[in-house]
Amino acid sequence: MNAIALAAIGIFVFILGYRFYSKFVAEKIFKLDPNYVTPAHKFKDGVDFVPTNKFVLWGHHFTSVAGAAPILGPAIAVYWGWLPAVLWVVLGTVFAAGVHDFGTLVLSVRNKGQSVGTLAHRLIGQRGKVLFLFIILILVLMVNAVFAWVIANLFISFPASVLPVFIQIPLAVWIGHAVYKRNKKMLVPSLVALAVMYITAVISSQVNFLQIDLVRYMGGEEGAGLFGLGAISTAFFIWIIILMIYVYIASTLPVWKLLQPRDFINSHQLIVGLGILYLGLLFTNPQITAPISNPDADVSWFPLLFITIACGAISGFHGLVSSGTSSKQLDKETEARFVGYLGAVGEGILALVSIIAVITFFPNREAFFATYSSFQAASGAGLGTFIQGASQLAEGLLIPANVAATIVSIIVVSFAATTLDTSVRLMRYIISELGVEYNVPSLEKKHVATTIAVVASAALVLLPEGPNGFGSGGYLLWPLFGTSNQLLAGISLLLISIWLKKLGRNYAVTIIPMIFLMFMTLWAMFQQVFLQWAWYADSPNTLLFVFGAIIFVFTLWIILTAIQALMNPRDAGISEIDLD
C-alpha cells in the first residue's frame, strides 16, 4: 500500500472525529457553558492557576502529553504488522483518547481544578481515592524513570542535540518574562526561539566541538569513566543528575515563567516536525515495505497491542495533565474541547507518522524482519528505527542526513523533557495530597514534596541493573508503563461515567471504551507481568513483578468500589454530591 494514501485516510478520520464526534460530546454529553467561571479565574494565583490563551494552553497540554511514548509505542507495535497498529491509533484516538482527555479536563474544571485522584473521593469514596492516588503516584514515578532514561540515552546517541535543547531554557524564561511582565505577545518571540534552536541544531551537527559528547570526554566507548563505571554508564549517570536538577527547578517555578513559553515553543516544534515529515512523505512517496500483519510473531498482538501503544491511542497520563495542570489554566469552559480533544488528535497524528516512518524505512520485507525478528528485538529497536526512518523522510526535503537526525532527536527530547517536568510537578501535587490525607504537614510543603519526587525518580532510573547495564530502570519498567497507563485511563473513564450518570446524562461514550480498555489491559497485564515473570522468563524481573502486583490488586479493588458506586451510590457510602 502507498504510504501517502495511508496517511491521508488516517488524518481524514481524525478530522471527522474532531469536527463531528467531539462536537456531539461537547454539546450533548458534557454541555459546556461559555459563562461558567473556570478555576483559572476563581483561584487565580499567578503560579498554578493562570487564565491562558487557548492556543498557548493547547501547546502546553499537547507537548506535556506527547513525550516519547506516542513515538516509541507505535514504533514497537508495527512488529505485529502495520494494520493493527494504524487501526488502534486512529480509532482509539477518536473514540477513546479524545473523550478521555476532554472528559477529565471538564470534570476537573467543574470541581475547582482538582485532580482525578482527589475527585475519586467524591465519586467512589475515601478508600478508592487513597488507592487511586497510590496508583497515580506509582505511574508518574515510572513516567519519570522512563522518560529520563529516554532523554539521557538520546543525548548520548545524538550529542549534537544537547546544545539546541538547553538553549531553549533561557529563551523560554525570556519569553515568559516578556509576555507576563511586559504584556508582549508570545507568538513572534516563540518563533524566534524555535529558529535559534534549529540554527543551532544545523551548526552543532556540522561542528564537532559544539557537540556535548560526554562519552567522548570519558575516553570513548572503551573509556574507564568515573568509579570504574565505564564511559557510557558514567555519561548516563551525569545526564540523569543534570535532568533531575533541571526538573526540580522547572517543576517548582510558576507555570508562566518556564512551563508555558517552553511548551508553546515545543508546539511549534510539533507543527514544524510534523510538517517536515508529512511533506517529506509527499516528496519521497515511499512504499510500505513492512508487512500488513505478522502471523509468525513470537507473541500475540491480542491483547498486547493495546498496552504497547498507550500514548497515541489512549493514555491515563493525559488525564493527569488535563486535571492536574491544564484545568487550572483553562480560560473558558468551551475551550476544553479544543485543548483536550484536539490535543489527543495531535498525538494521534504524531503516532501515525511514527508508524509510517518505521514501515517505510526498510528497503524490503526481509530487512524489516531482520530488525524486527522478535517482540524483544522490536522493543529495543523501535525508537532508533523511528529516528532513522524520520530522517529518511526529511531527506526528501534535501535536509542532510546528520542534520535531519539531530532535528528529529531534538523534537523527541523536547517532548520527553516537557512530559518529565510536568510529571514531576504532578507527583509533587500527589505527595502533597497524601500529606493532607495522612496529616503529615511537611509533605504539603512544595520543596519537600518535590525533593521526594526527584530523589525517588533518580533512584528508580539509576539503581536497577538490566540488559543495557547500569541505569536501565526506565527500560525495565517499560512493559509496566503501558499497562498502568491504560489502567489509569480506564479508571478515569469510569469516574467520568459515574459523574455523567449522577447528572442524568448518557454515559455510553465513556463506559464502552472503559470496558474495552479494562478488559484488554487486565488480560495483558496478567499475561505479561505475571505469567511471563513466573513461568516463562529466563531471568525474572522482580522489580517489574512487585510494581505490577501492587497496581493489579489496587486496580481490581478500585474497579469493584467504582462499580458499586455506579450502580448504587448510597450503598457505596456516597451521599449528596454536587459535581455540576
# chains A, B, ... in the order shown; residues from 1 in each chain; ligands from 1
>>> residues_around(residues="Thr406 in chain A", least_positions_apart="2", cutoff="7 Å", atoms="only C-alpha atoms", output="list in words")
Phe158, Ala160, Ser161, Ala201, Ser205, Asn402, Val403, Ala404, Val408, Ser409 and Ile410 of chain A
>>> residues_around(residues="Ile559 in chain A", least_positions_apart="3", cutoff="9 Å", atoms="only C-alpha atoms", output="PDB file with all heavy atoms, in the first residue's frame")
ATOM      1  N   GLY A 128     -11.319   4.392  47.893  1.00  0.00           N
ATOM      2  CA  GLY A 128     -10.998   4.420  46.470  1.00  0.00           C
ATOM      3  C   GLY A 128     -10.047   5.546  46.117  1.00  0.00           C
ATOM      4  O   GLY A 128      -9.149   5.379  45.291  1.00  0.00           O
ATOM      5  N   ILE A 491      -9.760   3.703  34.682  1.00  0.00           N
ATOM      6  CA  ILE A 491     -10.343   4.189  35.936  1.00  0.00           C
ATOM      7  C   ILE A 491     -10.886   5.600  35.759  1.00  0.00           C
ATOM      8  O   ILE A 491     -11.971   5.936  36.250  1.00  0.00           O
ATOM      9  CB  ILE A 491      -9.303   4.141  37.069  1.00  0.00           C
ATOM     10  CG1 ILE A 491      -8.896   2.691  37.363  1.00  0.00           C
ATOM     11  CG2 ILE A 491      -9.858   4.792  38.338  1.00  0.00           C
ATOM     12  CD1 ILE A 491      -7.706   2.568  38.296  1.00  0.00           C
ATOM     13  N   LEU A 494     -14.095   5.507  34.024  1.00  0.00           N
ATOM     14  CA  LEU A 494     -15.121   5.029  34.953  1.00  0.00           C
ATOM     15  C   LEU A 494     -15.597   6.160  35.857  1.00  0.00           C
ATOM     16  O   LEU A 494     -16.803   6.302  36.125  1.00  0.00           O
ATOM     17  CB  LEU A 494     -14.556   3.872  35.778  1.00  0.00           C
ATOM     18  CG  LEU A 494     -15.520   3.119  36.707  1.00  0.00           C
ATOM     19  CD1 LEU A 494     -16.732   2.618  35.945  1.00  0.00           C
ATOM     20  CD2 LEU A 494     -14.798   1.960  37.382  1.00  0.00           C
ATOM     21  N   PHE A 554      -4.568  -3.158  43.493  1.00  0.00           N
ATOM     22  CA  PHE A 554      -5.206  -1.868  43.749  1.00  0.00           C
ATOM     23  C   PHE A 554      -6.279  -1.578  42.690  1.00  0.00           C
ATOM     24  O   PHE A 554      -7.357  -1.064  43.006  1.00  0.00           O
ATOM     25  CB  PHE A 554      -4.164  -0.750  43.741  1.00  0.00           C
ATOM     26  CG  PHE A 554      -3.397  -0.620  45.030  1.00  0.00           C
ATOM     27  CD1 PHE A 554      -3.472  -1.597  46.007  1.00  0.00           C
ATOM     28  CD2 PHE A 554      -2.580   0.483  45.267  1.00  0.00           C
ATOM     29  CE1 PHE A 554      -2.763  -1.493  47.193  1.00  0.00           C
ATOM     30  CE2 PHE A 554      -1.865   0.599  46.451  1.00  0.00           C
ATOM     31  CZ  PHE A 554      -1.958  -0.390  47.413  1.00  0.00           C
ATOM     32  N   THR A 555      -5.977  -1.898  41.437  1.00  0.00           N
ATOM     33  CA  THR A 555      -6.922  -1.613  40.366  1.00  0.00           C
ATOM     34  C   THR A 555      -8.200  -2.427  40.511  1.00  0.00           C
ATOM     35  O   THR A 555      -9.303  -1.900  40.361  1.00  0.00           O
ATOM     36  CB  THR A 555      -6.274  -1.899  38.997  1.00  0.00           C
ATOM     37  OG1 THR A 555      -5.110  -1.080  38.844  1.00  0.00           O
ATOM     38  CG2 THR A 555      -7.243  -1.592  37.867  1.00  0.00           C
ATOM     39  N   LEU A 556      -8.055  -3.720  40.776  1.00  0.00           N
ATOM     40  CA  LEU A 556      -9.242  -4.552  40.967  1.00  0.00           C
ATOM     41  C   LEU A 556     -10.095  -4.023  42.118  1.00  0.00           C
ATOM     42  O   LEU A 556     -11.332  -3.988  42.041  1.00  0.00           O
ATOM     43  CB  LEU A 556      -8.823  -5.997  41.242  1.00  0.00           C
ATOM     44  CG  LEU A 556      -8.230  -6.770  40.063  1.00  0.00           C
ATOM     45  CD1 LEU A 556      -7.820  -8.169  40.516  1.00  0.00           C
ATOM     46  CD2 LEU A 556      -9.219  -6.861  38.909  1.00  0.00           C
ATOM     47  N   ALA A 562     -15.795   1.228  42.430  1.00  0.00           N
ATOM     48  CA  ALA A 562     -16.400   2.151  41.481  1.00  0.00           C
ATOM     49  C   ALA A 562     -17.681   1.581  40.880  1.00  0.00           C
ATOM     50  O   ALA A 562     -18.661   2.305  40.667  1.00  0.00           O
ATOM     51  CB  ALA A 562     -15.399   2.480  40.372  1.00  0.00           C
ATOM     52  N   ILE A 563     -17.691   0.280  40.586  1.00  0.00           N
ATOM     53  CA  ILE A 563     -18.899  -0.342  40.036  1.00  0.00           C
ATOM     54  C   ILE A 563     -20.042  -0.252  41.050  1.00  0.00           C
ATOM     55  O   ILE A 563     -21.200   0.021  40.703  1.00  0.00           O
ATOM     56  CB  ILE A 563     -18.620  -1.803  39.641  1.00  0.00           C
ATOM     57  CG1 ILE A 563     -17.696  -1.846  38.417  1.00  0.00           C
ATOM     58  CG2 ILE A 563     -19.927  -2.540  39.343  1.00  0.00           C
ATOM     59  CD1 ILE A 563     -17.256  -3.244  38.037  1.00  0.00           C
ATOM     60  N   GLN A 564     -19.709  -0.459  42.318  1.00  0.00           N
ATOM     61  CA  GLN A 564     -20.719  -0.325  43.368  1.00  0.00           C
ATOM     62  C   GLN A 564     -21.271   1.102  43.403  1.00  0.00           C
ATOM     63  O   GLN A 564     -22.482   1.314  43.532  1.00  0.00           O
ATOM     64  CB  GLN A 564     -20.120  -0.682  44.732  1.00  0.00           C
ATOM     65  CG  GLN A 564     -21.132  -0.689  45.877  1.00  0.00           C
ATOM     66  CD  GLN A 564     -20.490  -1.022  47.210  1.00  0.00           C
ATOM     67  OE1 GLN A 564     -19.275  -1.095  47.314  1.00  0.00           O
ATOM     68  NE2 GLN A 564     -21.308  -1.230  48.235  1.00  0.00           N
TER      69      GLN A 564
END
>>> residues_around(residues="Gly117 in chain A", least_positions_apart="4", cutoff="7 Å", atoms="only C-alpha atoms", output="list in words")
Lys129, Phe132 and Leu133 of chain A
>>> write_last_selection(atoms="C-alpha atoms", output="short mmCIF file (atom, residue, chain, number, x, y, z; two decimals), in the first residue's frame")
data_model
loop_
_atom_site.label_atom_id
_atom_site.label_comp_id
_atom_site.auth_asym_id
_atom_site.auth_seq_id
_atom_site.Cartn_x
_atom_site.Cartn_y
_atom_site.Cartn_z
CA LYS A 129 -9.34 7.83 46.50
CA PHE A 132 -6.18 5.69 43.19
CA LEU A 133 -3.66 8.23 44.45
#
>>> residues_around(residues="Val173 in chain A", least_positions_apart="2", cutoff="6 Å", atoms="only C-alpha atoms", output="JSON, numbers by chain")
{"A": [170, 171, 175, 176, 257, 258]}
>>> atom_distance(atom1="CA of Val56 in chain A", atom2="CA of Val143 in chain A")
23.9 Å
>>> closest_residue(among="A:Ala26, A:Val353, A:Ala377, A:Leu560", to="Val99 in chain A", atoms="only C-alpha atoms")
A:Ala26
